[in-house]
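Shown here: structure32.cif, mmCIF, C-alpha atoms.
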```cif
data_my_file
#
loop_
_atom_site.label_atom_id
_atom_site.label_comp_id
_atom_site.auth_asym_id
_atom_site.auth_seq_id
_atom_site.Cartn_x
_atom_site.Cartn_y
_atom_site.Cartn_z
CA MET O 243 7.90 -4.90 -12.44
CA ASN O 244 11.64 -5.50 -12.42
CA LEU O 245 12.23 -1.92 -13.47
CA GLU O 246 9.90 -0.77 -10.69
CA LEU O 247 12.03 -2.77 -8.24
CA VAL O 248 15.14 -1.07 -9.61
CA LEU O 249 13.45 2.32 -9.13
CA GLY O 250 12.68 1.37 -5.53
CA CYS O 251 16.31 0.36 -4.97
CA LEU O 252 17.48 3.61 -6.54
CA ALA O 253 15.13 5.56 -4.27
CA ALA O 254 16.53 3.71 -1.23
CA TYR O 255 20.09 4.49 -2.31
CA ILE O 256 19.26 8.17 -2.77
CA VAL O 257 17.60 8.35 0.65
CA ILE O 258 20.56 6.67 2.37
CA LYS O 259 23.13 8.81 0.58
CA TYR O 260 21.34 12.19 0.44
CA ASN O 261 18.66 12.09 3.16
CA ASN O 262 19.52 15.51 4.60
CA LYS O 263 19.20 17.20 1.22
CA ILE O 264 15.98 15.38 0.27
CA GLY O 265 14.34 16.21 3.59
CA LYS O 266 14.31 19.90 2.69
CA TYR O 267 12.28 19.20 -0.45
CA ARG O 268 10.05 16.35 0.75
CA TRP O 269 6.82 18.36 0.68
CA ILE O 270 7.56 19.51 -2.86
CA LEU O 271 8.13 15.86 -3.86
CA PHE O 272 4.88 14.85 -2.16
CA GLY O 273 3.00 17.62 -3.94
CA ILE O 274 4.39 16.88 -7.39
CA ALA O 275 3.83 13.13 -7.05
CA ASN O 276 0.28 13.47 -5.72
CA LEU O 277 -0.73 16.04 -8.31
CA GLY O 278 0.85 13.83 -10.96
CA TYR O 279 -1.22 10.85 -9.81
CA VAL O 280 -4.42 12.91 -9.87
CA PHE O 281 -3.61 14.32 -13.30
CA LEU O 282 -2.67 10.94 -14.80
CA GLY O 283 -5.68 9.29 -13.16
CA MET O 284 -7.99 11.81 -14.79
CA LEU O 285 -6.29 11.39 -18.16
CA VAL O 286 -6.60 7.60 -17.96
CA ALA O 287 -10.26 7.83 -16.90
CA TRP O 288 -11.32 10.44 -19.44
CA THR O 289 -9.23 9.67 -22.49
CA ASN O 290 -8.00 6.73 -24.50
CA ILE O 291 -4.37 7.65 -23.97
CA GLY O 292 -2.28 4.71 -22.89
CA PHE O 293 0.54 5.26 -20.42
CA ASP O 294 3.67 3.31 -19.83
CA ARG O 295 3.80 2.25 -16.15
CA ILE O 296 7.49 2.93 -15.75
CA THR O 297 7.69 6.41 -17.23
CA THR O 298 4.57 7.64 -15.49
CA PHE O 299 3.23 5.94 -12.41
CA ALA O 300 6.46 4.23 -11.31
CA VAL O 301 8.43 7.47 -11.41
CA LEU O 302 5.74 9.16 -9.32
CA ALA O 303 5.80 6.23 -6.89
CA ALA O 304 9.58 6.59 -6.55
CA MET O 305 9.08 10.29 -5.77
CA LEU O 306 6.55 9.37 -3.06
CA ILE O 307 9.00 6.85 -1.60
CA LEU O 308 11.76 9.47 -1.55
CA ALA O 309 9.51 11.98 0.16
CA ALA O 310 8.03 9.54 2.66
CA THR O 311 11.33 8.01 3.71
CA SER O 312 12.91 11.40 4.27
CA ILE O 313 10.34 12.40 6.90
CA ASP O 314 11.78 12.65 10.36
CA LEU O 315 9.18 10.87 12.46
CA LYS O 316 9.94 13.08 15.47
CA ASP O 317 8.72 16.10 13.49
CA SER O 318 5.69 14.40 11.95
CA PRO O 319 2.16 14.79 13.21
CA LYS O 320 0.54 11.83 14.98
CA ILE O 321 -0.70 9.32 12.44
CA PRO O 322 -4.41 8.51 12.87
CA ASP O 323 -5.20 5.00 14.12
CA LEU O 324 -7.26 4.26 10.99
CA LEU O 325 -4.23 4.87 8.78
CA ILE O 326 -2.07 2.68 11.05
CA PHE O 327 -4.68 -0.09 10.76
CA LEU O 328 -4.85 0.27 6.96
CA GLY O 329 -1.06 0.08 6.82
CA ASP O 330 -1.10 -3.08 8.93
CA ALA O 331 -3.83 -4.56 6.74
CA SER O 332 -2.20 -3.50 3.46
CA TYR O 333 -0.70 -6.92 2.71
CA SER O 334 -4.08 -8.62 3.18
CA ILE O 335 -5.70 -5.96 1.02
CA PHE O 336 -3.03 -6.59 -1.61
CA LEU O 337 -3.52 -10.36 -1.49
CA THR O 338 -7.31 -10.22 -1.71
CA HIS O 339 -7.94 -7.23 -3.97
CA GLY O 340 -7.79 -9.11 -7.30
CA PRO O 341 -10.38 -11.78 -6.53
CA LEU O 342 -12.53 -9.33 -4.58
CA ILE O 343 -12.61 -6.77 -7.39
CA SER O 344 -13.48 -9.51 -9.87
CA ALA O 345 -16.24 -10.93 -7.66
CA SER O 346 -17.74 -7.57 -6.71
CA THR O 347 -17.71 -6.40 -10.33
CA LYS O 348 -19.60 -9.55 -11.34
CA ILE O 349 -22.09 -8.98 -8.52
CA VAL O 350 -22.67 -5.38 -9.65
CA GLU O 351 -23.19 -6.61 -13.23
CA LYS O 352 -25.51 -9.51 -12.26
CA ALA O 353 -27.58 -7.28 -10.00
CA ASN O 354 -27.73 -4.70 -12.81
CA LEU O 355 -26.54 -2.02 -10.40
CA GLY O 356 -24.35 -0.35 -13.02
CA LYS O 357 -27.29 1.60 -14.38
CA TYR O 358 -27.78 3.28 -10.99
CA PHE O 359 -24.20 4.41 -10.59
CA ASP O 360 -22.10 6.60 -12.82
CA GLY O 361 -18.62 5.72 -14.06
CA VAL O 362 -16.94 7.12 -10.94
CA PHE O 363 -19.22 5.97 -8.14
CA ALA O 364 -19.40 2.28 -9.08
CA PRO O 365 -15.60 1.79 -9.15
CA ALA O 366 -15.30 3.72 -5.89
CA LEU O 367 -17.92 1.45 -4.33
CA VAL O 368 -16.07 -1.63 -5.57
CA ALA O 369 -12.79 -0.24 -4.20
CA LEU O 370 -14.37 0.48 -0.81
CA PHE O 371 -15.89 -3.00 -0.71
CA THR O 372 -12.50 -4.50 -1.56
CA VAL O 373 -10.65 -2.54 1.13
CA VAL O 374 -13.25 -3.36 3.79
CA LEU O 375 -13.17 -7.08 2.98
CA GLY O 376 -9.36 -7.01 2.86
CA CYS O 377 -9.40 -5.48 6.35
CA ILE O 378 -11.77 -8.19 7.54
CA PHE O 379 -9.43 -10.82 6.07
CA TYR O 380 -6.56 -9.18 7.96
CA SER O 381 -8.47 -9.11 11.26
CA LEU O 382 -9.86 -12.65 11.06
CA ILE O 383 -7.10 -14.55 9.26
CA GLU O 384 -3.75 -12.80 8.80
CA LYS O 385 -3.36 -11.26 12.26
CA PRO O 386 -4.38 -14.38 14.25
CA LEU O 387 -2.26 -16.57 11.96
CA THR O 388 0.74 -14.29 12.43
CA VAL O 389 0.36 -14.35 16.21
CA PHE O 390 -0.01 -18.14 16.18
CA LEU O 391 3.05 -18.66 13.97
CA ARG O 392 5.12 -16.24 16.01
CA GLN O 393 4.23 -17.94 19.30
CA ASN O 394 4.44 -21.53 18.11
CA ILE O 395 7.24 -21.50 15.57
CA VAL O 396 9.36 -18.36 15.54
CA GLU O 397 9.75 -17.94 19.30
CA LYS O 398 10.47 -21.64 19.74
CA MET O 399 13.14 -21.53 17.07
CA PHE O 400 14.95 -18.52 18.49
CA HIS O 401 14.14 -18.84 22.20
CA PRO O 402 14.25 -22.53 23.04
CA LYS O 403 13.18 -23.41 26.54
CA ALA O 404 16.01 -24.26 28.86
CA GLU O 405 16.31 -27.95 29.52
CA GLY O 406 15.95 -29.08 33.11
CA ARG O 407 19.46 -30.50 33.38
CA ILE O 408 21.89 -29.58 36.09
#
```
In structure tokens, what does this structure look like?
Amino acid sequence: MNLELVLGCLAAYIVIKYNNKIGKYRWILFGIANLGYVFLGMLVAWTNIGFDRITTFAVLAAMLILAATSIDLKDSPKIPDLLIFLGDASYSIFLTHGPLISASTKIVEKANLGKYFDGVFAPALVALFTVVLGCIFYSLIEKPLTVFLRQNIVEKMFHPKAEGRI
């Protein structure tokens, strides 16, 4: 993970230093990275080949970061509200995905649902379940907690009320 962090820092440096040059090739970077993810995903799913995270997925992730950060938002199409919501909820999804995947996998096994779903549909169903519950966690816990903390702690720390002295 440390090397992935270094790759992210390197990507940030490249974007800051060479943004104008990268912007011309951002769609090529997007295409290569996305096709690479699809290709590697299929290889991982259908073969026993093991991949090193850094030399495969992390490099593709760095390419996606380079491409995404070089987009001029004035020229971009409007981002759908669902994608904005998923982006907002991404931290909650990240925090809850491990336990939710574990729990939902155990539920699928206990209910013997695996025999009804093939090797692609069951994981997709578990992933969907995990994302939906992560979004619910965001809506019911993270967002209200963030608003509460902002109003009661952060704003009071940085915007203290004026005292009534003359």
Legend entry - Test item: the PyMOL selection byres ((chain O and resi 265-281) around 7) resolved as an MDAnalysis selection string: chainID O and resid 261:264 282:285 302 305:306 309 312:313
Legend entry - Selection near Ser381 of chain O, 10 Å with all atoms listed in the file, sequence-local residues under 4 positions removed, as a list in words: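 Residues near the query, excluding close chain neighbours: Phe327, Asp330, Ala331, Ser334, Leu375, Gly376, Cys377, Lys385, Pro386 and Leu387 of chain O.
With atom CA of Ile326 of chain O on one side and atom CA of Leu252 of chain O on the other, the separation reads 26.3 Å.
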Inset, instruction - Could you please determine the separation between atom CA of Arg392 of chain O and atom CA of Thr372 of chain O in Å, to one decimal place? - result: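 Straight-line distance from atom CA of Arg392 of chain O to atom CA of Thr372 of chain O works out to 27.5 Å.
Note that atom CA of Leu328 of chain O and atom CA of Val248 of chain O are 26.0 Å apart.
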First collect every listed atom of segment 280-283 of chain O; then fit an axis-aligned box around them, widen it by 3 Å on each side, and give centre and edge lengths in Å to one decimal, as AutoDock Vina command-line options.
```
--center_x -4.2 --center_y 11.8 --center_z -12.3 --size_x 9.0 --size_y 11.0 --size_z 10.9
```
Hits from the PyMOL selection byres ((chain O and resi 343) around 10), listed as a JSON list (two decimals) with C-alpha atoms, in the coordinates of the input:
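Generated file (part02.json):
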```json
[["chain", "number", "residue", "atom", "x", "y", "z"],
["O", 338, "THR", "CA", -7.31, -10.22, -1.71],
["O", 339, "HIS", "CA", -7.94, -7.23, -3.97],
["O", 340, "GLY", "CA", -7.79, -9.11, -7.30],
["O", 341, "PRO", "CA", -10.38, -11.78, -6.53],
["O", 342, "LEU", "CA", -12.53, -9.33, -4.58],
["O", 344, "SER", "CA", -13.48, -9.51, -9.87],
["O", 345, "ALA", "CA", -16.24, -10.93, -7.66],
["O", 346, "SER", "CA", -17.74, -7.57, -6.71],
["O", 347, "THR", "CA", -17.71, -6.40, -10.33],
["O", 348, "LYS", "CA", -19.60, -9.55, -11.34],
["O", 349, "ILE", "CA", -22.09, -8.98, -8.52],
["O", 365, "PRO", "CA", -15.60, 1.79, -9.15],
["O", 368, "VAL", "CA", -16.07, -1.63, -5.57],
["O", 369, "ALA", "CA", -12.79, -0.24, -4.20],
["O", 370, "LEU", "CA", -14.37, 0.48, -0.81],
["O", 371, "PHE", "CA", -15.89, -3.00, -0.71],
["O", 372, "THR", "CA", -12.50, -4.50, -1.56],
["O", 373, "VAL", "CA", -10.65, -2.54, 1.13]]
```
